[in-house]
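> Have a look at the structure that comes next, please.
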Amino acid sequence: MSDAAPTTIYLKDYTPFGYLIDSVHLTFDLAAHATRVTSRIAFRPNPDARDRKFFLHGEQLRLIRAAIDGAEIAPEVTDEGLTANVPNAPFVWETEVEIDPGNNTALEGLYMSNGMYCTQCEAEGFRKITFYPDRPDVMSTFTVRINGDLPVLLSNGNPTASGQGWAEWTDPWPKPAYLFALVAGDLIAYPDQFTTKSGRGVELNLWVRPGDEGKCAFGMEALKKSMKWDEEVYGREYDLDVFNIVAVDDFNMGAMENKGLNIFNSSAVLASPETSTDANFERIEAIIAHEYFHNWTGNRITCRDWFQLCLKEGLTVFRDAQFTSDMRSAPVKRIHDAIDLRARQFPEDNGPLSHPVRPESFQEINNFYTSTVYEKGAEVIGMLKRLVGDEAYSKALNLYFDRHDGQACTIEDWLKVFEDTTGRDLTQFKRWYSQSGTPRISVSESWDSGTYTLTLSQETHPTPGQTEKLPQVIPVAFGLLGPNGDEVRGTQVLELTEATQSFQFTGLAAKPNPSILRDFSAPVILDHGHSNADRAFLLAHDTDPFNRWQAGRSLAEDNLFRMITQDSAPDGQFLDGLLAVLRDGDLDPAYRALMLQLPSQSELASTLYDSGHTPDPLAIWTAIETLKQATAQHVQDLLPRLHSESLVDAPYQPDAEQSGKRALGNAALALTTRLDSGTQAAAEYDRANNMTQQLASLACLLRAGKGETQLSSFYDQWQHDRLVLDKWFGLQISLASPDATPAVALGLTQHPEFNWKNPNRFRALLGSLATNHAGFHHADGSGYQLLADWLIRLDPVNPQTTARMCTAFQTWKRYDDKRQALMRAQLTRISETPNLSRDTTEMVSRILDA
């Protein structure tokens, strides 16, 4: 473990910086191993600050000179930054430093990717570029001059001057340093134009490496759709003359919203029908929208400190979810969001890494870019909108933009605009930001002479650092169905605010069937105690798409639970219900495809653990395989029809209609492969003319224990495409049998194309190992050891990626004593590694302290 004890930073200790900045001028003289950065910064005392200590962050910088108002000084420099005596009046600060982007493998600050200079400054990367108050509440305009011999020189804002070997950019909108960006390289622009609602023209460019120009069209269309949508739905117009996106191969995140110069992981922007699946296209559309929407919710209004990270990220995730719902199928999007939340955020919320949406403390801020901050943060926004209504939400957002434009804000600022707009007291609702853990709602009901009474009780289990939990405001969307399936009470929102509350519905002719938590109206666990007959009724009749899907999901989960714990057979009631849904040609194909998805292995492990059982990963895998086989046999007569319904007689488009058909067809193909041992899948592979079909048919063959020939031909065809090769690595590990998974992963780590320093390739291989539940949890511990080996190797090179991958171990206490001992041994081995990074030290310590 690192020798230096990590420092804990607390929200309660926040104080404003002692100085304000009026302007920043930066000059970069680019050189791979000796870039010179000259800064000229206009400071003035902050009248709201109590502490006037002048401290500038700075890491891995070689200071060449420093000056105040032109007079050179000798500041005190440490590994964390510098201090100096400065005037109690406005002054100009100047420094010149030297940095080494060519050896910056952590991909923070200024670094190089395949000969291209690139930056990543969120959260605290700017301090690796020059000495600066690297905190989000210090905002300023920036003027940047780049000197270099590369053909493309980009920074934030608008281009203001250029010449041979240099370019100047000016960003007129004040921003914190984490939004600074610079890119320089041999790049090609894919250009377009957008006219704002006020008639102003904006130049758009998607910058890529030579050879990637053919993968830009979809990303550009997604950007223009996002710009138009934000004008129409939120009234937000773009505010610069140019908007640039750059595709970068080596990037720790998906993308970054730097003002006017978004930097994207190439996997999150480059797409073509031949190389990208429908899921890739949808992800790209959502990420481009997300980063563009940050222009207002994150850039024009930013967060005061990193504890408020959910203010920009939760709100922007909610906005991109709204966008995707409008562009595609809203019910399918909502179901996917619920699946992802339960798979990623619920385990986080109920394990050793649990933290509130707004944490109270942290040691390394990079470790709080979590599903809790992003996805749960978005759910909190959704609940607030549901409680106040669409019109009040719109008014509150307009007030937020008007009141706080150009400011660094807090959750209190955000909630205040809703209180001022609606007159509601949101004190209790604010607990969603401060209280960790997933609330559980239990249900009881009674019926008496035309009156139906629903009683809801809420409880949140203790989480690390929080043992006492107070009742939260939970919007429960609710409806009632009559015995014949007709809706006798339409959807209404019940506000659960007490530990236990009852709600009465009178004037009913017969005892109704409740439909609770419609549209997944709150991120909670619902313990209803439904019988399978009740679930089957809702599966057949519920008018809410989410709850109809949930009924089928619950039937499947109950069936699998009994198969694992009681050695039961596949349930005919579930299979009949599934068959009825698949026969309903009026349903969205994408929705029917979703109905065929079973709960994940990890989800079942969580259910078993919560029910007092010790999960057996191999037993879980076997039960799922058995139920899938039974499903294939039960619906086999329908499979040819589903296949014919999925055929698309038109040129490929990654739109909702075609994507839905392909999703249903590929789900049917997976079932067919269980009956014909891959005959149809092999034929589908041979005639596939897009990556969605090619990859799906290859996956079917690999699941059937076939496909070696196709796997080899796939590699030969795509070995020169780095993003497709990531798919090739991940697919083999994801679909390996439990006994073979660690060995397959080990073998692929020795493949010459395994570039472990590239985050995408590392995640494709080792991330797939971690998510192959039964394979990773192989009884001999070889999966644990292999992942730990590579995390130890990666940590000194890229701490951020290492720390995030440690979450594979966060549920280690669910399992049997032997597996717990094996995982603890690997976690201890990681923790005892000399000079372990702060990022990984914090993550491993929190997991071990569970």
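Going through the structure tokens in order, the chains are called A, B, and so on, while each chain numbers its residues from 1 and the ligands are numbered from 1 in the order shown.
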As an MDAnalysis selection string, please: the residues near Ile516 (chain A) (cut-off 10 Å, only C-alpha atoms, same-chain neighbours under 6 positions excluded).

chainID A and resid 443 476:480 491 493:494 526 528 544 547

> Can you write out the residues you just picked, keeping all heavy atoms, as a short mmCIF file (atom, residue, chain, number, x, y, z; two decimals), in the first residue's frame?


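Written out: result_26.cif:
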```
data_model
loop_
_atom_site.label_atom_id
_atom_site.label_comp_id
_atom_site.auth_asym_id
_atom_site.auth_seq_id
_atom_site.Cartn_x
_atom_site.Cartn_y
_atom_site.Cartn_z
N VAL A 443 -45.40 -4.24 1.03
CA VAL A 443 -46.79 -3.96 0.66
C VAL A 443 -47.71 -4.90 1.41
O VAL A 443 -47.46 -6.11 1.51
CB VAL A 443 -46.99 -4.15 -0.86
CG1 VAL A 443 -48.44 -3.90 -1.25
CG2 VAL A 443 -46.05 -3.24 -1.65
N VAL A 476 -44.70 6.86 -5.57
CA VAL A 476 -45.08 5.51 -5.99
C VAL A 476 -46.20 5.64 -7.03
O VAL A 476 -47.35 5.93 -6.68
CB VAL A 476 -45.55 4.66 -4.79
CG1 VAL A 476 -45.94 3.25 -5.25
CG2 VAL A 476 -44.46 4.60 -3.72
N ALA A 477 -45.86 5.48 -8.29
CA ALA A 477 -46.87 5.51 -9.34
C ALA A 477 -47.70 4.23 -9.27
O ALA A 477 -47.15 3.12 -9.17
CB ALA A 477 -46.22 5.65 -10.71
N PHE A 478 -49.02 4.38 -9.33
CA PHE A 478 -49.90 3.29 -8.91
C PHE A 478 -51.16 3.29 -9.77
O PHE A 478 -51.67 4.34 -10.16
CB PHE A 478 -50.25 3.51 -7.43
CG PHE A 478 -51.29 2.60 -6.87
CD1 PHE A 478 -50.95 1.34 -6.42
CD2 PHE A 478 -52.62 2.99 -6.79
CE1 PHE A 478 -51.90 0.49 -5.88
CE2 PHE A 478 -53.58 2.16 -6.25
CZ PHE A 478 -53.21 0.90 -5.79
N GLY A 479 -51.65 2.09 -10.08
CA GLY A 479 -52.93 1.93 -10.77
C GLY A 479 -53.63 0.67 -10.29
O GLY A 479 -53.04 -0.18 -9.63
N LEU A 480 -54.91 0.55 -10.63
CA LEU A 480 -55.69 -0.62 -10.24
C LEU A 480 -56.32 -1.25 -11.47
O LEU A 480 -56.87 -0.55 -12.33
CB LEU A 480 -56.79 -0.22 -9.25
CG LEU A 480 -56.35 0.22 -7.85
CD1 LEU A 480 -57.56 0.70 -7.05
CD2 LEU A 480 -55.65 -0.92 -7.11
N THR A 491 -53.25 5.65 -13.63
CA THR A 491 -52.01 5.91 -12.89
C THR A 491 -52.11 7.21 -12.09
O THR A 491 -52.48 8.26 -12.62
CB THR A 491 -50.82 5.99 -13.84
OG1 THR A 491 -50.71 4.76 -14.56
CG2 THR A 491 -49.53 6.24 -13.08
N VAL A 493 -49.89 9.21 -8.59
CA VAL A 493 -48.67 9.15 -7.79
C VAL A 493 -49.03 9.25 -6.31
O VAL A 493 -49.60 10.25 -5.86
CB VAL A 493 -47.69 10.27 -8.18
CG1 VAL A 493 -46.46 10.23 -7.27
CG2 VAL A 493 -47.27 10.12 -9.64
N LEU A 494 -48.70 8.20 -5.57
CA LEU A 494 -48.85 8.20 -4.12
C LEU A 494 -47.54 8.68 -3.51
O LEU A 494 -46.47 8.18 -3.86
CB LEU A 494 -49.17 6.79 -3.61
CG LEU A 494 -50.32 6.04 -4.30
CD1 LEU A 494 -50.45 4.64 -3.72
CD2 LEU A 494 -51.62 6.81 -4.18
N LEU A 526 -39.07 -3.32 -4.32
CA LEU A 526 -40.47 -3.52 -3.95
C LEU A 526 -40.68 -4.96 -3.52
O LEU A 526 -40.49 -5.89 -4.29
CB LEU A 526 -41.38 -3.18 -5.15
CG LEU A 526 -42.88 -3.23 -4.90
CD1 LEU A 526 -43.30 -2.15 -3.90
CD2 LEU A 526 -43.63 -3.07 -6.21
N HIS A 528 -43.51 -7.15 -2.66
CA HIS A 528 -44.97 -7.16 -2.71
C HIS A 528 -45.56 -8.46 -2.17
O HIS A 528 -46.65 -8.47 -1.62
CB HIS A 528 -45.45 -6.93 -4.15
CG HIS A 528 -46.92 -6.65 -4.23
ND1 HIS A 528 -47.54 -6.30 -5.40
CD2 HIS A 528 -47.90 -6.66 -3.30
CE1 HIS A 528 -48.84 -6.10 -5.18
NE2 HIS A 528 -49.08 -6.33 -3.90
N ASP A 544 -49.41 -0.76 -17.92
CA ASP A 544 -48.12 -0.08 -17.78
C ASP A 544 -47.03 -0.98 -18.34
O ASP A 544 -46.82 -2.09 -17.85
CB ASP A 544 -47.83 0.22 -16.31
CG ASP A 544 -46.50 0.91 -16.13
OD1 ASP A 544 -46.39 2.09 -16.51
OD2 ASP A 544 -45.56 0.27 -15.61
N ASN A 547 -44.40 -2.32 -15.72
CA ASN A 547 -44.88 -3.31 -14.76
C ASN A 547 -45.27 -4.62 -15.43
O ASN A 547 -45.22 -5.69 -14.81
CB ASN A 547 -46.04 -2.74 -13.94
CG ASN A 547 -45.55 -2.04 -12.69
OD1 ASN A 547 -44.35 -1.86 -12.51
ND2 ASN A 547 -46.45 -1.64 -11.83
#
```

> What lies within 10 Å of Arg761 (chain A) using only C-alpha atoms, ignoring chain neighbours under 2 positions off, as a ChimeraX atom specification?

/A:250,722-723,725-727,729-730,753-759,763-767

> Residues of region 496-669 of chain A classed as helix (DSSP H, G or I) by DSSP on the backbone are to be reported as number ranges by chain.

A: 518-520, 532-541, 545-566, 572-583, 589-595, 601-610, 617-634, 636-646, 656-669

> Excluding His33 (chain A) and residues on its chain fewer than 6 positions from it, collect all residues at most 9 Å away from it, counting only C-alpha atoms, and give them as an mmCIF file with C-alpha atoms, in the first residue's frame.


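Here's the written file part.cif:
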```cif
data_model
loop_
_atom_site.group_PDB
_atom_site.id
_atom_site.type_symbol
_atom_site.label_atom_id
_atom_site.label_comp_id
_atom_site.auth_asym_id
_atom_site.auth_seq_id
_atom_site.Cartn_x
_atom_site.Cartn_y
_atom_site.Cartn_z
ATOM 1 C CA GLU A 98 7.842 21.934 -18.352
ATOM 2 C CA ILE A 99 5.816 18.691 -18.583
ATOM 3 C CA ASP A 100 6.294 15.299 -20.255
ATOM 4 C CA PRO A 101 3.085 14.312 -22.120
ATOM 5 C CA GLY A 102 4.840 11.457 -23.919
ATOM 6 C CA ASN A 103 5.311 9.508 -20.683
#
```

> Using only C-alpha atoms, which of A:Ala533, A:Leu598, A:Leu642, A:Cys310 sits nearest Ile624 (chain A)?

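Between A:Ala533, A:Leu598, A:Leu642, A:Cys310, the residue approaching Ile624 (chain A) most closely is A:Leu598.
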
> Let me make sure I understand: among A:Lys12, A:Arg819, A:His751, A:Lys259, which one has the smallest atom-to-atom distance to Gly783 (chain A) if we use only C-alpha atoms?

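Nearest to Gly783 (chain A): A:Arg819.
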